[in-house]
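What follows is data21.cif (mmCIF, C-alpha atoms).
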data_final
#
loop_
_atom_site.label_atom_id
_atom_site.label_comp_id
_atom_site.auth_asym_id
_atom_site.auth_seq_id
_atom_site.Cartn_x
_atom_site.Cartn_y
_atom_site.Cartn_z
CA MET A 20 -16.77 15.31 8.03
CA LYS A 21 -15.07 13.05 10.55
CA ILE A 22 -12.43 10.60 9.31
CA GLY A 23 -11.32 7.37 10.96
CA ILE A 24 -8.12 5.51 10.16
CA ILE A 25 -7.54 1.92 11.21
CA GLY A 26 -3.94 0.85 10.73
CA THR A 27 -1.28 3.48 11.40
CA GLY A 28 1.81 1.91 9.89
CA MET A 29 4.04 4.06 7.71
CA LEU A 30 1.34 4.81 5.13
CA GLY A 31 -1.59 5.08 7.55
CA GLU A 32 0.32 7.45 9.79
CA ALA A 33 1.29 9.69 6.85
CA VAL A 34 -2.28 9.80 5.51
CA GLY A 35 -3.56 10.68 8.97
CA LEU A 36 -0.99 13.41 9.52
CA HIS A 37 -1.88 14.98 6.19
CA LEU A 38 -5.61 14.89 6.90
CA LEU A 39 -4.97 16.60 10.23
CA ASP A 40 -2.83 19.20 8.47
CA VAL A 41 -5.67 20.13 6.09
CA GLY A 42 -8.17 20.42 8.94
CA TYR A 43 -10.05 17.15 9.24
CA ASP A 44 -11.19 15.69 12.54
CA VAL A 45 -9.36 12.34 12.66
CA THR A 46 -9.79 9.32 14.95
CA VAL A 47 -7.29 6.48 14.71
CA PHE A 48 -6.79 2.94 15.94
CA ASN A 49 -3.80 0.64 15.76
CA ARG A 50 -3.25 -2.64 17.60
CA THR A 51 0.16 -1.34 18.68
CA GLU A 52 -0.85 1.90 20.37
CA ASN A 53 2.61 3.52 20.33
CA LYS A 54 2.30 3.70 16.54
CA THR A 55 -0.38 6.34 17.05
CA GLU A 56 1.82 8.68 19.11
CA ARG A 57 2.72 11.17 16.34
CA LEU A 58 -0.93 11.37 15.32
CA LYS A 59 -1.97 11.97 18.91
CA GLN A 60 0.58 14.77 19.23
CA LYS A 61 -0.84 16.35 16.06
CA GLY A 62 -4.40 16.30 17.44
CA ALA A 63 -5.89 12.95 16.45
CA SER A 64 -8.24 11.15 18.83
CA ILE A 65 -6.99 7.67 19.77
CA ALA A 66 -9.65 4.96 19.82
CA GLU A 67 -9.54 1.77 21.86
CA SER A 68 -11.16 -0.33 19.12
CA PRO A 69 -12.36 -0.23 15.49
CA LYS A 70 -15.88 -0.06 16.96
CA GLN A 71 -15.07 3.26 18.61
CA VAL A 72 -13.53 4.57 15.38
CA ALA A 73 -16.77 3.73 13.58
CA LYS A 74 -18.94 5.46 16.16
CA ASP A 75 -16.86 8.64 15.85
CA SER A 76 -16.40 8.71 12.05
CA ASP A 77 -18.29 9.24 8.79
CA LEU A 78 -15.57 7.69 6.61
CA ILE A 79 -13.33 4.91 7.97
CA ILE A 80 -10.15 4.19 6.01
CA THR A 81 -8.64 0.76 6.65
CA ILE A 82 -4.92 0.36 5.91
CA VAL A 83 -3.97 -3.06 7.21
CA LYS A 84 -1.84 -6.04 6.20
CA ASP A 85 -4.14 -8.28 4.17
CA ALA A 86 -7.71 -9.49 3.58
CA ASP A 87 -7.75 -11.43 6.86
CA ALA A 88 -6.84 -8.26 8.74
CA VAL A 89 -9.51 -6.28 6.84
CA ASN A 90 -12.08 -8.93 7.78
CA GLU A 91 -11.02 -8.81 11.41
CA VAL A 92 -11.22 -5.03 11.84
CA ILE A 93 -14.60 -4.91 10.11
CA PHE A 94 -16.40 -8.00 11.40
CA GLY A 95 -14.36 -9.10 14.43
CA LYS A 96 -15.05 -8.53 18.10
CA SER A 97 -15.39 -4.75 18.65
CA GLY A 98 -15.05 -4.36 14.89
CA ILE A 99 -16.27 -1.53 12.69
CA MET A 100 -19.67 -3.10 12.03
CA SER A 101 -20.44 -3.21 15.75
CA GLY A 102 -20.23 0.59 15.72
CA LYS A 103 -22.00 1.20 12.41
CA HIS A 104 -24.40 4.09 11.86
CA ASP A 105 -26.36 5.67 9.02
CA GLY A 106 -24.26 7.43 6.40
CA MET A 107 -21.03 5.66 7.36
CA CYS A 108 -18.64 4.37 4.70
CA ILE A 109 -15.70 1.97 4.91
CA ALA A 110 -12.91 2.66 2.39
CA ASP A 111 -10.18 0.03 2.19
CA MET A 112 -6.70 1.29 1.29
CA SER A 113 -5.01 -2.05 1.98
CA THR A 114 -3.57 -4.21 -0.82
CA VAL A 115 -5.74 -7.32 -0.97
CA ASN A 116 -6.99 -10.04 -3.28
CA PRO A 117 -9.87 -8.60 -5.37
CA ASN A 118 -11.88 -11.79 -4.79
CA SER A 119 -11.68 -11.17 -1.05
CA THR A 120 -12.66 -7.53 -1.36
CA ARG A 121 -15.76 -8.48 -3.37
CA GLU A 122 -16.86 -10.82 -0.56
CA ILE A 123 -16.16 -8.22 2.13
CA SER A 124 -17.93 -5.48 0.17
CA LYS A 125 -21.00 -7.65 -0.43
CA GLN A 126 -21.38 -8.41 3.28
CA VAL A 127 -20.84 -4.79 4.37
CA ILE A 128 -23.36 -3.47 1.85
CA GLU A 129 -25.91 -6.14 2.83
CA ASP A 130 -25.54 -4.81 6.38
CA GLY A 131 -26.52 -1.34 5.17
CA ILE A 132 -23.12 0.35 5.07
CA ASP A 133 -21.32 1.81 2.04
CA TYR A 134 -18.01 0.32 0.95
CA MET A 135 -15.24 1.59 -1.32
CA GLU A 136 -11.82 0.24 -2.21
CA ILE A 137 -9.20 2.98 -2.52
CA PRO A 138 -5.69 1.48 -2.88
CA VAL A 139 -2.99 4.01 -3.67
CA MET A 140 0.39 4.33 -5.32
CA GLY A 141 3.12 6.26 -3.52
CA GLY A 142 4.65 5.84 -0.10
CA PRO A 143 4.49 7.83 3.12
CA ASN A 144 6.97 10.34 1.68
CA VAL A 145 4.29 11.55 -0.77
CA ALA A 146 1.24 10.72 1.37
CA ILE A 147 2.36 13.31 3.91
CA ASP A 148 1.80 15.99 1.24
CA GLY A 149 -1.41 14.53 -0.20
CA LYS A 150 0.26 13.52 -3.47
CA LEU A 151 -0.72 9.87 -3.73
CA VAL A 152 -2.37 8.35 -6.80
CA MET A 153 -5.64 6.66 -5.90
CA MET A 154 -7.57 3.89 -7.64
CA ALA A 155 -11.19 3.74 -6.49
CA SER A 156 -13.96 1.18 -6.99
CA GLY A 157 -17.47 0.90 -5.65
CA LYS A 158 -20.68 2.82 -6.18
CA LYS A 159 -20.10 6.02 -8.15
CA GLU A 160 -22.40 8.05 -5.89
CA VAL A 161 -20.40 6.98 -2.83
CA PHE A 162 -17.16 7.95 -4.56
CA GLU A 163 -18.63 11.37 -5.34
CA LYS A 164 -19.90 11.79 -1.78
CA PHE A 165 -16.40 11.43 -0.34
CA LYS A 166 -14.42 12.81 -3.28
CA THR A 167 -13.36 15.90 -1.35
CA VAL A 168 -11.59 13.68 1.17
CA PHE A 169 -10.09 11.49 -1.56
CA ASP A 170 -8.84 14.61 -3.35
CA SER A 171 -7.16 15.70 -0.12
CA ILE A 172 -5.31 12.39 0.05
CA ALA A 173 -4.37 12.02 -3.62
CA GLU A 174 -3.35 14.44 -6.34
CA GLN A 175 -4.91 12.07 -8.87
CA SER A 176 -7.90 9.80 -8.33
CA PHE A 177 -9.13 7.25 -10.88
CA TYR A 178 -12.69 5.99 -10.49
CA LEU A 179 -12.67 2.47 -11.96
CA GLY A 180 -16.19 1.13 -11.52
CA ASP A 181 -17.17 -2.16 -9.95
CA THR A 182 -15.73 -3.52 -6.72
CA GLY A 183 -12.56 -5.54 -7.28
CA THR A 184 -11.26 -3.44 -10.15
CA ALA A 185 -9.12 -1.09 -8.07
CA HIS A 186 -7.44 -3.87 -6.14
CA SER A 187 -6.79 -5.80 -9.38
CA ILE A 188 -5.00 -2.80 -10.88
CA LYS A 189 -3.16 -2.12 -7.63
CA LEU A 190 -1.75 -5.66 -7.77
CA ALA A 191 -0.71 -5.12 -11.38
CA MET A 192 1.02 -1.88 -10.32
CA ASN A 193 2.89 -3.56 -7.47
CA LEU A 194 4.01 -6.27 -9.87
CA GLN A 195 5.64 -3.51 -11.95
CA ILE A 196 7.40 -2.21 -8.83
CA ALA A 197 8.79 -5.65 -8.02
CA MET A 198 10.04 -6.19 -11.57
CA LEU A 199 11.65 -2.76 -11.78
CA ALA A 200 13.43 -3.23 -8.45
CA LEU A 201 14.77 -6.60 -9.59
CA SER A 202 15.82 -5.32 -13.00
CA LEU A 203 17.68 -2.34 -11.58
CA SER A 204 19.29 -4.50 -8.89
CA GLU A 205 20.61 -6.93 -11.46
CA GLY A 206 21.74 -4.15 -13.83
CA ILE A 207 23.66 -2.41 -11.04
CA THR A 208 25.14 -5.71 -9.84
CA LEU A 209 26.19 -6.73 -13.34
CA THR A 210 27.89 -3.38 -13.92
CA LYS A 211 29.72 -3.53 -10.58
CA LYS A 212 30.89 -7.10 -11.10
CA ALA A 213 32.14 -6.15 -14.57
CA GLY A 214 34.34 -3.52 -12.90
CA PHE A 215 32.52 -0.34 -13.89
CA ASP A 216 30.84 2.47 -11.95
CA PRO A 217 27.08 1.68 -11.93
CA GLU A 218 26.37 5.41 -11.99
CA ILE A 219 27.48 5.26 -15.64
CA PHE A 220 24.85 2.58 -16.24
CA LEU A 221 22.19 4.80 -14.63
CA LYS A 222 23.29 7.89 -16.55
CA ILE A 223 22.91 6.06 -19.87
CA LEU A 224 19.66 4.33 -18.84
CA ASN A 225 18.13 7.62 -17.73
CA SER A 226 18.98 9.25 -21.05
CA THR A 227 16.82 6.71 -22.89
CA TYR A 228 13.18 5.79 -23.38
CA PHE A 229 13.65 3.03 -20.78
CA LYS A 230 14.16 5.31 -17.78
CA THR A 231 11.66 5.17 -14.91
CA GLY A 232 10.93 7.13 -11.78
CA MET A 233 12.75 4.41 -9.86
CA SER A 234 15.84 4.56 -12.06
CA GLU A 235 15.93 8.34 -11.74
CA GLY A 236 15.22 8.39 -8.02
CA LYS A 237 15.82 5.39 -5.79
CA ALA A 238 18.38 3.64 -8.01
CA HIS A 239 21.16 6.01 -6.90
CA GLN A 240 20.48 5.04 -3.28
CA MET A 241 20.33 1.39 -4.31
CA ILE A 242 23.95 1.62 -5.40
CA SER A 243 25.02 2.71 -1.92
CA GLU A 244 22.45 0.41 -0.26
CA SER A 245 21.37 3.33 1.95
CA ILE A 246 17.62 3.44 1.42
CA GLU A 247 15.24 4.61 4.12
CA PRO A 248 12.30 2.17 4.08
CA THR A 249 9.07 3.55 2.65
CA PHE A 250 7.61 0.12 1.87
CA THR A 251 9.35 -2.94 3.24
CA LEU A 252 10.68 -5.88 1.31
CA ALA A 253 8.49 -8.20 3.40
CA ASN A 254 5.40 -6.20 2.44
CA LEU A 255 6.20 -6.50 -1.25
CA LYS A 256 6.76 -10.24 -0.75
CA LYS A 257 3.27 -10.38 0.79
CA ASP A 258 1.86 -8.55 -2.23
CA LEU A 259 3.62 -10.96 -4.61
CA ASP A 260 1.89 -13.79 -2.74
CA THR A 261 -1.43 -12.04 -3.31
CA ILE A 262 -0.62 -11.38 -6.98
CA ASN A 263 0.15 -15.04 -7.60
CA ASP A 264 -2.87 -16.26 -5.65
CA THR A 265 -5.11 -13.91 -7.63
CA ALA A 266 -3.56 -15.03 -10.92
CA ASP A 267 -4.18 -18.67 -10.01
CA SER A 268 -7.82 -17.92 -9.20
CA ILE A 269 -8.46 -16.48 -12.68
CA ASP A 270 -6.21 -18.88 -14.64
CA ALA A 271 -3.69 -16.17 -15.52
CA GLU A 272 -0.19 -17.53 -16.11
CA LEU A 273 2.39 -15.04 -14.79
CA PRO A 274 5.80 -16.78 -14.97
CA MET A 275 7.83 -13.73 -13.98
CA ALA A 276 5.56 -13.04 -11.01
CA LYS A 277 6.31 -16.55 -9.76
CA ILE A 278 10.04 -15.97 -10.08
CA ALA A 279 9.79 -12.60 -8.34
CA ARG A 280 7.79 -14.20 -5.52
CA LYS A 281 10.51 -16.80 -4.94
CA ILE A 282 13.29 -14.20 -4.92
CA TYR A 283 11.46 -11.95 -2.45
CA THR A 284 10.51 -14.95 -0.31
CA ASP A 285 14.12 -16.14 -0.20
CA ALA A 286 15.31 -12.61 0.65
CA THR A 287 12.78 -12.29 3.46
CA GLU A 288 13.76 -15.67 4.90
CA ALA A 289 17.42 -14.59 4.69
CA GLY A 290 16.71 -11.64 7.00
CA PHE A 291 16.17 -8.79 4.52
CA GLY A 292 12.44 -8.34 5.20
CA ASP A 293 12.58 -5.11 7.22
CA ILE A 294 14.53 -3.05 4.67
CA ASP A 295 13.06 -1.11 1.76
CA TYR A 296 11.75 -3.26 -1.08
CA THR A 297 14.48 -1.90 -3.37
CA GLY A 298 16.93 -3.34 -0.87
CA ILE A 299 16.46 -6.57 -2.82
CA ILE A 300 19.76 -5.42 -4.34
CA SER A 301 21.46 -6.30 -1.04
CA TYR A 302 20.17 -9.87 -1.30
CA ILE A 303 21.28 -10.15 -4.92
CA LYS A 304 24.69 -8.81 -3.91
CA GLU A 305 24.92 -11.58 -1.30
CA LEU A 306 24.03 -14.18 -3.95
CA SER A 307 26.82 -12.83 -6.16
CA LYS A 308 29.35 -13.55 -3.43
CA LYS A 309 28.44 -17.23 -3.24
#

Please rewrite the model in this file as structure tokens.
Amino acid sequence: MKIGIIGTGMLGEAVGLHLLDVGYDVTVFNRTENKTERLKQKGASIAESPKQVAKDSDLIITIVKDADAVNEVIFGKSGIMSGKHDGMCIADMSTVNPNSTREISKQVIEDGIDYMEIPVMGGPNVAIDGKLVMMASGKKEVFEKFKTVFDSIAEQSFYLGDTGTAHSIKLAMNLQIAMLALSLSEGITLTKKAGFDPEIFLKILNSTYFKTGMSEGKAHQMISESIEPTFTLANLKKDLDTINDTADSIDAELPMAKIARKIYTDATEAGFGDIDYTGIISYIKELSKK
């Protein structure tokens, strides 16, 4: 089975490298070609367009910024659909509004091509070893057809039924990430400003029911503000925009999501967008100085 990847940012690159490691034939495309260099060195074929990726692939995984970008790579000039063929499937790993993915899926399927949504949890540091957690929606038979590939990418895969479900749960998961990062940032900042070692705060927190993977892992790096980006602050801000837009479309009132959106927006505008999302602690530290 031949795999195509469109979008080779941090996550797309790691997924591609892993698929090459386990023996798949991989073709990739990215608008910025130098972001495909590591994949090329590992044996990936580099395409000049999404159309070429489609022609050379059975399963095309899209990992791009938002629904507009998904639309563009599928339906735009030299897009995936201009290179479609029998048996091909598009699987979207981007984080997008579930309303948008339903519209995209409907159009793709009407054009005779299978469509899945496969957002994941976990960054490039786990994707490189195939240890992501995947949420999948679409036709069950299509999920089963490509399950071997999905199982290569993720150590756990959850089939969730109808289109839109996976992206809805992915947004709910990313909302948890934003809240945890903010909570830990404020807990660490409060402890520091009170004159105590925040490692004591983490030691006590992590001995209780309220510990999380973030408090046990990244929080120690948050204290030193030395976190290698795995998912940027600007990307989480973008996802908070999508979360709030989705909530508005279904009349869900999410007051904390609105607050989180403003904080991440302000941090991005203040120049913190390119750091890791947990680097929101650096912005909160700056606020504490004012």

Applying the PyMOL selection byres ((chain A and resi 99-109) around 7) to the file I just gave you, which residues come out? Please list them as a PyMOL selection string. chain A and resi 69-71+73-74+77-80+92-94+97-98+110-111+132-135

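With only C-alpha atoms as the basis for measurement, A:Arg121 is the residue among A:Glu129, A:Arg280, A:Arg121, A:Val168 that approaches A:Ser156 most closely.
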
Evaluate the PyMOL selection byres ((chain A and resi 137) around 12) and record the selected residues as a PyMOL selection string, following the chain and residue labels used in the document. chain A and resi 79-82+108-115+117+120+134-136+138-140+151-157+161-162+165-166+168-170+172-173+175-180+182-189

Evaluate the PyMOL selection byres ((chain A and resi 283-292) around 7) on the structure here and hand back the selected residues as a list of chain:residue names.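 When the PyMOL selection byres ((chain A and resi 283-292) around 7) is applied to the shown file, the picked residues are A:Thr251, A:Leu252, A:Ala253, A:Lys256, A:Ala279, A:Arg280, A:Lys281, A:Ile282, A:Asp293, A:Ile294, A:Tyr302.
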
As an exercise, work out the distance from atom CA of A:Phe229 to atom CA of A:Glu244 in Å and give it to one decimal place.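 One can read the atom CA of A:Phe229 to atom CA of A:Glu244 distance as 22.5 Å.
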
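Environment of (13.2, -6.1, -3.5): residues at most 7 Å away, judged by only C-alpha atoms, are Ala197, Ala200, Leu201, Leu252, Tyr283, Tyr296, Thr297, Gly298, Ile299 and Ile300 of chain A.
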
File dump, residues just selected, C-alpha atoms, as a PDB file, in the coordinates of the input:
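Here's the written file out_0.pdb:
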ATOM      1  CA  ALA A 197       8.790  -5.650  -8.020  1.00  0.00           C
ATOM      2  CA  ALA A 200      13.430  -3.230  -8.450  1.00  0.00           C
ATOM      3  CA  LEU A 201      14.770  -6.600  -9.590  1.00  0.00           C
ATOM      4  CA  LEU A 252      10.680  -5.880   1.310  1.00  0.00           C
ATOM      5  CA  TYR A 283      11.460 -11.950  -2.450  1.00  0.00           C
ATOM      6  CA  TYR A 296      11.750  -3.260  -1.080  1.00  0.00           C
ATOM      7  CA  THR A 297      14.480  -1.900  -3.370  1.00  0.00           C
ATOM      8  CA  GLY A 298      16.930  -3.340  -0.870  1.00  0.00           C
ATOM      9  CA  ILE A 299      16.460  -6.570  -2.820  1.00  0.00           C
ATOM     10  CA  ILE A 300      19.760  -5.420  -4.340  1.00  0.00           C
TER      11      ILE A 300
END

So which one's closest to A:Leu259, A:Leu30, A:Ile196, A:Ile219, A:Ala213? Using only C-alpha atoms, please.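 Looking at the shortest contact to A:Leu259, the residue is A:Ile196.
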
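The two atoms in question, atom CA of A:Val47 and atom CA of A:Thr27, are spaced 7.5 Å apart.
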
Let me know the centre plus edge lengths, in Å and rounded to one decimal, of a box with edges along x, y and z that contains all listed atoms of stretch 202-206 of chain A and is padded by 4 Å on every side, as AutoDock Vina command-line options.
--center_x 18.8 --center_y -4.6 --center_z -11.4 --size_x 13.9 --size_y 12.6 --size_z 12.9

Close residues, A:Thr208 itself excluded, 9 Å, only C-alpha atoms, min 4 positions apart in chain, as a count of residues only: 10

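Using all atoms listed in the file, the smallest distance between any of A:Leu39, A:Ala276, A:Ile246, A:Ala146 and A:Leu199 comes from A:Ala276.
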